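The file run17.txt comes next; it holds compact mmCIF, C-alpha atoms and all ligand atoms.
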# COMPACT_ATOMS: atom_id res chain seq x y z
CA MET A 1 -50.72 109.01 147.61
CA THR A 2 -47.23 107.75 148.15
CA THR A 3 -46.52 104.75 150.32
CA ARG A 4 -43.35 104.65 152.33
CA PRO A 5 -41.31 101.49 151.87
CA GLU A 6 -41.40 99.14 154.83
CA PRO A 7 -38.69 96.80 156.07
CA CYS A 8 -39.09 93.39 154.44
CA ASN A 9 -37.47 91.56 157.36
CA PRO A 10 -35.01 89.33 155.51
CA PRO A 11 -32.96 87.06 157.79
CA SER A 12 -30.53 89.49 159.47
CA PRO A 13 -26.98 89.08 158.23
CA SER A 14 -24.36 89.13 160.96
CA LEU A 15 -23.35 92.68 161.75
CA GLU A 16 -19.80 93.97 161.41
CA ARG A 17 -18.32 96.15 164.12
CA HIS A 18 -15.01 97.72 165.01
CA VAL A 19 -13.80 96.49 168.40
CA PHE A 20 -10.82 97.49 170.54
CA PRO A 21 -8.38 94.77 171.72
CA GLY A 22 -7.96 96.31 175.19
CA LEU A 23 -11.70 96.63 175.83
CA SER A 24 -12.30 93.11 174.49
CA ARG A 25 -10.29 91.75 177.41
CA VAL A 26 -12.59 93.23 180.07
CA PRO A 27 -14.87 90.48 181.45
CA GLY A 28 -18.59 91.20 181.00
CA LEU A 29 -18.07 94.23 178.77
CA VAL A 30 -19.66 94.46 175.32
CA HIS A 31 -18.82 97.20 172.85
CA GLY A 32 -18.37 98.09 169.22
CA ILE A 33 -18.80 100.63 166.48
CA PHE A 34 -21.20 99.10 164.00
CA LYS A 35 -20.39 99.53 160.33
CA ARG A 36 -23.11 100.63 157.94
CA HIS A 37 -23.88 97.15 156.58
CA GLY A 38 -26.54 94.68 157.68
CA GLY A 39 -29.44 97.10 158.26
CA VAL A 40 -32.69 97.83 156.42
CA SER A 41 -32.47 101.59 155.74
CA LEU A 42 -32.40 102.72 152.13
CA PRO A 43 -30.03 105.27 150.53
CA PRO A 44 -28.88 107.79 151.60
CA TYR A 45 -29.24 106.08 155.00
CA ALA A 46 -28.21 102.61 153.84
CA ALA A 47 -28.15 100.52 155.71
CA LEU A 48 -27.62 100.29 159.50
CA ASN A 49 -28.61 103.88 160.33
CA VAL A 50 -29.50 104.47 163.99
CA ALA A 51 -30.54 108.15 163.95
CA TRP A 52 -34.29 108.71 164.11
CA ASP A 53 -34.22 112.47 163.56
CA ASN A 54 -32.38 112.79 160.24
CA GLY A 55 -35.18 111.93 157.80
CA ASP A 56 -35.00 108.14 157.75
CA ASN A 57 -38.10 105.99 158.20
CA PRO A 58 -38.44 105.39 161.98
CA ARG A 59 -39.54 101.79 161.35
CA PHE A 60 -36.26 101.06 159.61
CA VAL A 61 -34.33 102.65 162.45
CA HIS A 62 -36.26 100.61 164.99
CA GLU A 63 -35.41 97.38 163.14
CA ASN A 64 -31.74 98.42 162.91
CA LEU A 65 -31.60 99.14 166.65
CA SER A 66 -33.17 95.82 167.54
CA ARG A 67 -30.61 93.98 165.39
CA ILE A 68 -27.78 95.75 167.23
CA GLU A 69 -29.29 95.05 170.64
CA LYS A 70 -29.70 91.36 169.75
CA ASP A 71 -26.17 91.17 168.35
CA LEU A 72 -24.75 92.43 171.65
CA GLY A 73 -27.15 90.47 173.86
CA LEU A 74 -28.34 93.57 175.74
CA ASP A 75 -31.75 94.26 177.31
CA CYS A 76 -32.05 97.81 175.99
CA LEU A 77 -30.19 100.68 174.39
CA ALA A 78 -30.16 104.18 175.90
CA ALA A 79 -29.70 107.22 173.67
CA GLY A 80 -30.90 110.79 173.32
CA ARG A 81 -30.63 113.83 171.11
CA GLN A 82 -26.99 114.88 170.78
CA VAL A 83 -26.56 118.63 170.87
CA HIS A 84 -22.76 119.23 170.75
CA GLY A 85 -22.88 120.45 174.36
CA ASP A 86 -21.20 119.27 177.54
CA ARG A 87 -24.10 117.80 179.50
CA ILE A 88 -23.30 114.45 181.13
CA LEU A 89 -26.22 112.12 181.91
CA LEU A 90 -26.14 109.36 184.51
CA VAL A 91 -28.31 106.48 183.33
CA ASP A 92 -29.41 104.88 186.61
CA GLU A 93 -32.64 103.19 187.78
CA ASN A 94 -34.14 106.59 188.47
CA ALA A 95 -33.37 107.94 185.00
CA LEU A 96 -34.68 104.76 183.36
CA GLY A 97 -37.93 105.07 185.31
CA ARG A 98 -38.49 108.61 184.05
CA ALA A 99 -37.35 108.06 180.47
CA GLU A 100 -39.53 107.79 177.39
CA THR A 101 -39.22 104.36 175.79
CA ARG A 102 -39.81 103.12 172.24
CA GLY A 103 -39.65 99.34 172.25
CA HIS A 104 -36.26 98.51 173.72
CA LEU A 105 -34.92 102.02 173.12
CA VAL A 106 -34.72 104.24 176.19
CA ILE A 107 -34.70 107.90 175.17
CA THR A 108 -32.59 110.00 177.52
CA PRO A 109 -32.82 113.80 177.84
CA PRO A 110 -30.63 115.68 175.31
CA GLY A 111 -26.94 115.38 176.10
CA ASP A 112 -23.60 114.27 174.73
CA ALA A 113 -22.23 111.94 177.38
CA LEU A 114 -23.92 108.91 178.91
CA VAL A 115 -22.69 107.09 182.01
CA THR A 116 -23.99 103.91 183.62
CA ARG A 117 -23.16 101.09 185.98
CA LEU A 118 -26.37 99.17 185.16
CA ARG A 119 -26.06 95.74 183.58
CA GLY A 120 -27.84 95.01 180.31
CA VAL A 121 -28.06 98.66 179.27
CA GLY A 122 -26.12 99.64 176.14
CA LEU A 123 -25.14 103.31 175.92
CA LEU A 124 -25.59 104.39 172.30
CA ILE A 125 -23.85 107.32 170.62
CA LYS A 126 -24.70 108.07 166.98
CA ILE A 127 -21.82 109.19 164.81
CA ALA A 128 -20.96 110.31 161.28
CA ASP A 129 -17.37 111.70 161.53
CA CYS A 130 -17.71 112.73 165.20
CA GLN A 131 -15.85 110.66 167.77
CA ALA A 132 -17.48 108.27 170.19
CA VAL A 133 -15.15 108.06 173.17
CA PHE A 134 -15.61 104.98 175.36
CA LEU A 135 -14.48 105.07 178.99
CA VAL A 136 -14.47 101.95 181.15
CA ASP A 137 -13.70 101.51 184.83
CA PRO A 138 -13.29 97.76 185.38
CA VAL A 139 -12.83 98.32 189.13
CA GLN A 140 -16.02 100.30 189.82
CA ASN A 141 -17.90 98.66 186.90
CA VAL A 142 -18.76 101.95 185.25
CA VAL A 143 -18.94 102.71 181.53
CA ALA A 144 -19.31 106.00 179.67
CA ASN A 145 -19.94 106.82 176.03
CA VAL A 146 -19.14 110.35 174.85
CA HIS A 147 -20.19 112.10 171.63
CA CYS A 148 -17.30 114.34 170.72
CA GLY A 149 -17.24 116.38 167.54
CA TRP A 150 -14.93 119.36 167.20
CA ARG A 151 -17.23 121.39 169.45
CA GLY A 152 -16.91 118.67 172.09
CA SER A 153 -13.14 118.83 171.70
CA VAL A 154 -13.21 122.61 172.17
CA GLN A 155 -15.31 122.13 175.35
CA GLU A 156 -12.90 119.40 176.54
CA LEU A 157 -15.81 117.05 177.04
CA PRO A 158 -13.75 113.82 177.36
CA ALA A 159 -11.83 115.35 180.29
CA LYS A 160 -15.06 116.60 181.89
CA VAL A 161 -16.44 113.06 181.77
CA VAL A 162 -13.29 111.68 183.44
CA ARG A 163 -13.75 114.24 186.24
CA PHE A 164 -17.47 113.37 186.52
CA LEU A 165 -16.55 109.68 186.92
CA ARG A 166 -14.01 110.60 189.59
CA ASP A 167 -16.11 113.07 191.55
CA ARG A 168 -19.56 111.49 191.25
CA LEU A 169 -18.84 107.76 191.03
CA GLY A 170 -15.52 107.36 192.81
CA CYS A 171 -13.55 106.17 189.76
CA ARG A 172 -9.78 106.61 189.76
CA PRO A 173 -8.64 108.06 186.42
CA GLU A 174 -5.63 105.72 186.40
CA ASP A 175 -7.98 102.71 186.43
CA LEU A 176 -9.84 103.88 183.32
CA LEU A 177 -9.57 102.37 179.87
CA ALA A 178 -10.39 104.68 176.96
CA ALA A 179 -11.03 104.16 173.26
CA VAL A 180 -11.69 106.57 170.40
CA SER A 181 -13.94 105.39 167.55
CA PRO A 182 -13.42 105.66 163.81
CA SER A 183 -13.98 109.37 163.11
CA LEU A 184 -12.68 112.37 161.19
CA GLY A 185 -8.94 111.81 160.67
CA PRO A 186 -6.13 114.35 160.37
CA CYS A 187 -6.14 113.58 156.62
CA CYS A 188 -9.62 115.09 156.25
CA ALA A 189 -10.05 117.44 159.24
CA GLU A 190 -9.70 120.67 157.31
CA PHE A 191 -10.69 123.78 159.30
CA ARG A 192 -10.54 126.86 157.12
CA ASN A 193 -11.90 129.01 159.97
CA TYR A 194 -9.73 127.48 162.66
CA ARG A 195 -8.73 130.88 164.00
CA THR A 196 -12.31 131.56 165.11
CA GLU A 197 -13.46 127.96 165.71
CA LEU A 198 -10.55 126.38 167.57
CA PRO A 199 -8.58 127.60 170.61
CA ALA A 200 -4.98 128.67 170.08
CA SER A 201 -3.80 125.66 172.11
CA PHE A 202 -4.91 123.37 169.26
CA ALA A 203 -1.96 124.67 167.22
CA ALA A 204 -0.02 121.84 168.89
CA TYR A 205 -2.28 119.40 167.02
CA GLN A 206 -2.00 120.94 163.58
CA ALA A 207 -1.11 118.05 161.25
CA ALA A 208 -0.78 120.06 158.03
CA PRO A 209 -1.79 123.58 156.95
CA LEU A 210 -5.49 123.97 157.99
CA HIS A 211 -5.63 120.31 159.13
CA PHE A 212 -5.91 119.17 162.75
CA ASP A 213 -5.45 115.81 164.47
CA PHE A 214 -8.51 115.45 166.70
CA TRP A 215 -7.47 111.93 167.71
CA ALA A 216 -4.39 113.47 169.30
CA VAL A 217 -6.52 116.24 170.85
CA THR A 218 -8.67 113.66 172.63
CA ARG A 219 -5.63 111.65 173.71
CA GLY A 220 -4.07 114.83 175.11
CA GLN A 221 -7.22 115.80 177.03
CA LEU A 222 -7.66 112.30 178.47
CA GLU A 223 -4.03 112.16 179.60
CA GLU A 224 -4.34 115.63 181.10
CA ALA A 225 -7.32 114.34 183.11
CA GLY A 226 -5.25 111.45 184.45
CA VAL A 227 -5.93 108.55 182.06
CA ARG A 228 -2.77 106.52 181.48
CA SER A 229 -1.42 106.80 177.94
CA ASP A 230 -1.01 103.01 177.61
CA ARG A 231 -4.72 102.61 178.39
CA ILE A 232 -5.93 104.78 175.50
CA GLU A 233 -6.78 103.06 172.21
CA ILE A 234 -7.38 105.07 169.04
CA ALA A 235 -9.07 103.27 166.13
CA GLN A 236 -7.04 105.38 163.64
CA VAL A 237 -9.75 104.89 161.02
CA CYS A 238 -10.94 107.99 159.15
CA THR A 239 -14.67 107.87 158.42
CA VAL A 240 -14.39 110.26 155.46
CA CYS A 241 -11.79 108.02 153.79
CA GLU A 242 -13.61 104.81 154.79
CA SER A 243 -17.14 105.82 153.76
CA ARG A 244 -17.79 102.34 152.38
CA ASP A 245 -18.00 101.16 156.00
CA TYR A 246 -18.91 104.36 157.85
CA PHE A 247 -21.38 107.18 157.43
CA SER A 248 -19.63 110.49 156.79
CA TYR A 249 -21.35 113.81 157.32
CA ARG A 250 -18.48 115.69 155.67
CA GLY A 251 -18.45 113.32 152.73
CA GLU A 252 -22.18 112.80 152.20
CA LYS A 253 -24.15 115.52 154.07
CA VAL A 254 -27.54 113.72 154.09
CA THR A 255 -26.60 110.34 155.49
CA GLY A 256 -27.08 107.89 158.35
CA ARG A 257 -25.34 107.53 161.70
CA ASN A 258 -23.24 104.59 162.88
CA ALA A 259 -23.97 103.08 166.27
CA ALA A 260 -21.22 103.19 168.87
CA VAL A 261 -22.39 101.08 171.80
CA ILE A 262 -20.87 100.07 175.12
CA GLY A 263 -22.37 98.34 178.13
CA TRP A 264 -22.21 95.53 180.66
CA GLN A 265 -23.76 92.18 179.82
CA ALA A 266 -27.04 91.51 181.64
ZN ZN A 301 -9.45 110.91 155.87
Let's see the structure in the file written out as structure tokens.
Amino acid sequence: MTTRPEPCNPPSPSLERHVFPGLSRVPGLVHGIFKRHGGVSLPPYAALNVAWDNGDNPRFVHENLSRIEKDLGLDCLAAGRQVHGDRILLVDENALGRAETRGHLVITPPGDALVTRLRGVGLLIKIADCQAVFLVDPVQNVVANVHCGWRGSVQELPAKVVRFLRDRLGCRPEDLLAAVSPSLGPCCAEFRNYRTELPASFAAYQAAPLHFDFWAVTRGQLEEAGVRSDRIEIAQVCTVCESRDYFSYRGEKVTGRNAAVIGWQA
């Protein structure tokens, strides 16, 4: 019989996260993309993996999530299965009441964009090369966190979320702040089958033969939806190149997921 290793609960080291200068200036907002250090998962998930459906020990993932929640001073984290679709989920009191919970983790229905105005709730997107796109309305006190891989880019998900915020929650696109996480950079975004996978309009974002700049794609879609260009921050960090700090699906295949979290302090 084999025994699965258990977390040994050493004193948690402080966690490292990428933060955006513009978002850091918003009172009451907490956010960050947590690097892979400071967690308890073992290789190939070492160490701060937050995905519970990729083969890692769920107890490790639970410990990693509670470290992140503590680090940000939030009451709970909300996340669900990400399916590379365009479903947008509003995390309100109603949704929280219906959701399955595991400790402080609130499991949402499957979907790729989470929106909330609740305080103390961190919206969690799990990434390994995909973008997490943060949207913040400091006027209406709304935040959104969007999982956007190339399929999300093709479906123009960031723009759909801007329209959802406008139509459902009364946000003005020109009030929004946006930020794009460390993710697949133009240096490594090789698409050999781009003719069948990407729309012809993406030719404008071709950075080199077979290579595309998905950071620019997201910027273009956000601007098209009315977000001001001086309110869009791009981390400009490629997760394939920076795999010491970030999980990379392209680089490693079986690997963990970094936590991208945004929310309002309780
Ligand atoms: Zn790269």
Mind running chain A against ligand ZN 301 (chain A) at 8 Å and telling me each contacting residue's nearest atom pair with the distance in Å (one decimal), counting only C-alpha atoms and all ligand atoms, chain and number ascending, as JSON lines?
{"residue": "A:Leu184", "atom": "CA", "partner": "A:ZN301", "partner_atom": "ZN", "distance": 6.4}
{"residue": "A:Gly185", "atom": "CA", "partner": "A:ZN301", "partner_atom": "ZN", "distance": 4.9}
{"residue": "A:Pro186", "atom": "CA", "partner": "A:ZN301", "partner_atom": "ZN", "distance": 6.6}
{"residue": "A:Cys187", "atom": "CA", "partner": "A:ZN301", "partner_atom": "ZN", "distance": 4.3}
{"residue": "A:Cys188", "atom": "CA", "partner": "A:ZN301", "partner_atom": "ZN", "distance": 4.2}
{"residue": "A:Ala189", "atom": "CA", "partner": "A:ZN301", "partner_atom": "ZN", "distance": 7.4}
{"residue": "A:Val237", "atom": "CA", "partner": "A:ZN301", "partner_atom": "ZN", "distance": 7.9}
{"residue": "A:Cys238", "atom": "CA", "partner": "A:ZN301", "partner_atom": "ZN", "distance": 4.6}
{"residue": "A:Thr239", "atom": "CA", "partner": "A:ZN301", "partner_atom": "ZN", "distance": 6.6}
{"residue": "A:Val240", "atom": "CA", "partner": "A:ZN301", "partner_atom": "ZN", "distance": 5.0}
{"residue": "A:Cys241", "atom": "CA", "partner": "A:ZN301", "partner_atom": "ZN", "distance": 4.3}
{"residue": "A:Glu242", "atom": "CA", "partner": "A:ZN301", "partner_atom": "ZN", "distance": 7.5}
Show me, as a count of residues only, the residues that have an atom within 12 Å of Arg231 (chain A) when counting only C-alpha atoms, minus same-chain residues fewer than 3 positions from it. 23
Show me, as an mmCIF file with C-alpha atoms, keeping the file's coordinate frame, the residues that have an atom within 12 Å of Lys70 (chain A) when counting only C-alpha atoms, minus same-chain residues fewer than 5 positions from it.
data_model
loop_
_atom_site.group_PDB
_atom_site.id
_atom_site.type_symbol
_atom_site.label_atom_id
_atom_site.label_comp_id
_atom_site.auth_asym_id
_atom_site.auth_seq_id
_atom_site.Cartn_x
_atom_site.Cartn_y
_atom_site.Cartn_z
ATOM 1 C CA SER A 12 -30.530 89.490 159.470
ATOM 2 C CA SER A 14 -24.360 89.130 160.960
ATOM 3 C CA LEU A 15 -23.350 92.680 161.750
ATOM 4 C CA VAL A 30 -19.660 94.460 175.320
ATOM 5 C CA GLU A 63 -35.410 97.380 163.140
ATOM 6 C CA ASN A 64 -31.740 98.420 162.910
ATOM 7 C CA LEU A 65 -31.600 99.140 166.650
ATOM 8 C CA ASP A 75 -31.750 94.260 177.310
ATOM 9 C CA CYS A 76 -32.050 97.810 175.990
ATOM 10 C CA LEU A 77 -30.190 100.680 174.390
ATOM 11 C CA HIS A 104 -36.260 98.510 173.720
ATOM 12 C CA GLY A 120 -27.840 95.010 180.310
ATOM 13 C CA GLY A 122 -26.120 99.640 176.140
ATOM 14 C CA GLN A 265 -23.760 92.180 179.820
#
Which one is closest to Val61 (chain A): A:Ala225, A:Leu48, A:Val139, A:Leu105? Count only C-alpha atoms. A:Leu48
For Ala113 (chain A), the nearest of the candidates A:Val50, A:Val154, A:Val83, A:Val19, counting all atoms listed in the file: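 Result for the nearest residue to Ala113 (chain A): A:Val83.
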My list of candidates is A:Arg151, A:Arg17, A:Gly28, A:Arg98. Which is closest to Asp71 (chain A) when distances are computed with only C-alpha atoms? A:Arg17
At a cut-off of 10 Å, using all atoms listed in the file, what residues contact Leu96 (chain A)? Leave out same-chain residues fewer than 4 positions from it and give the result as a list in words. Ala78, Leu90, Val91, Asp92, Glu100, Thr101, Val106, Ile107, Thr108 and Val121 of chain A
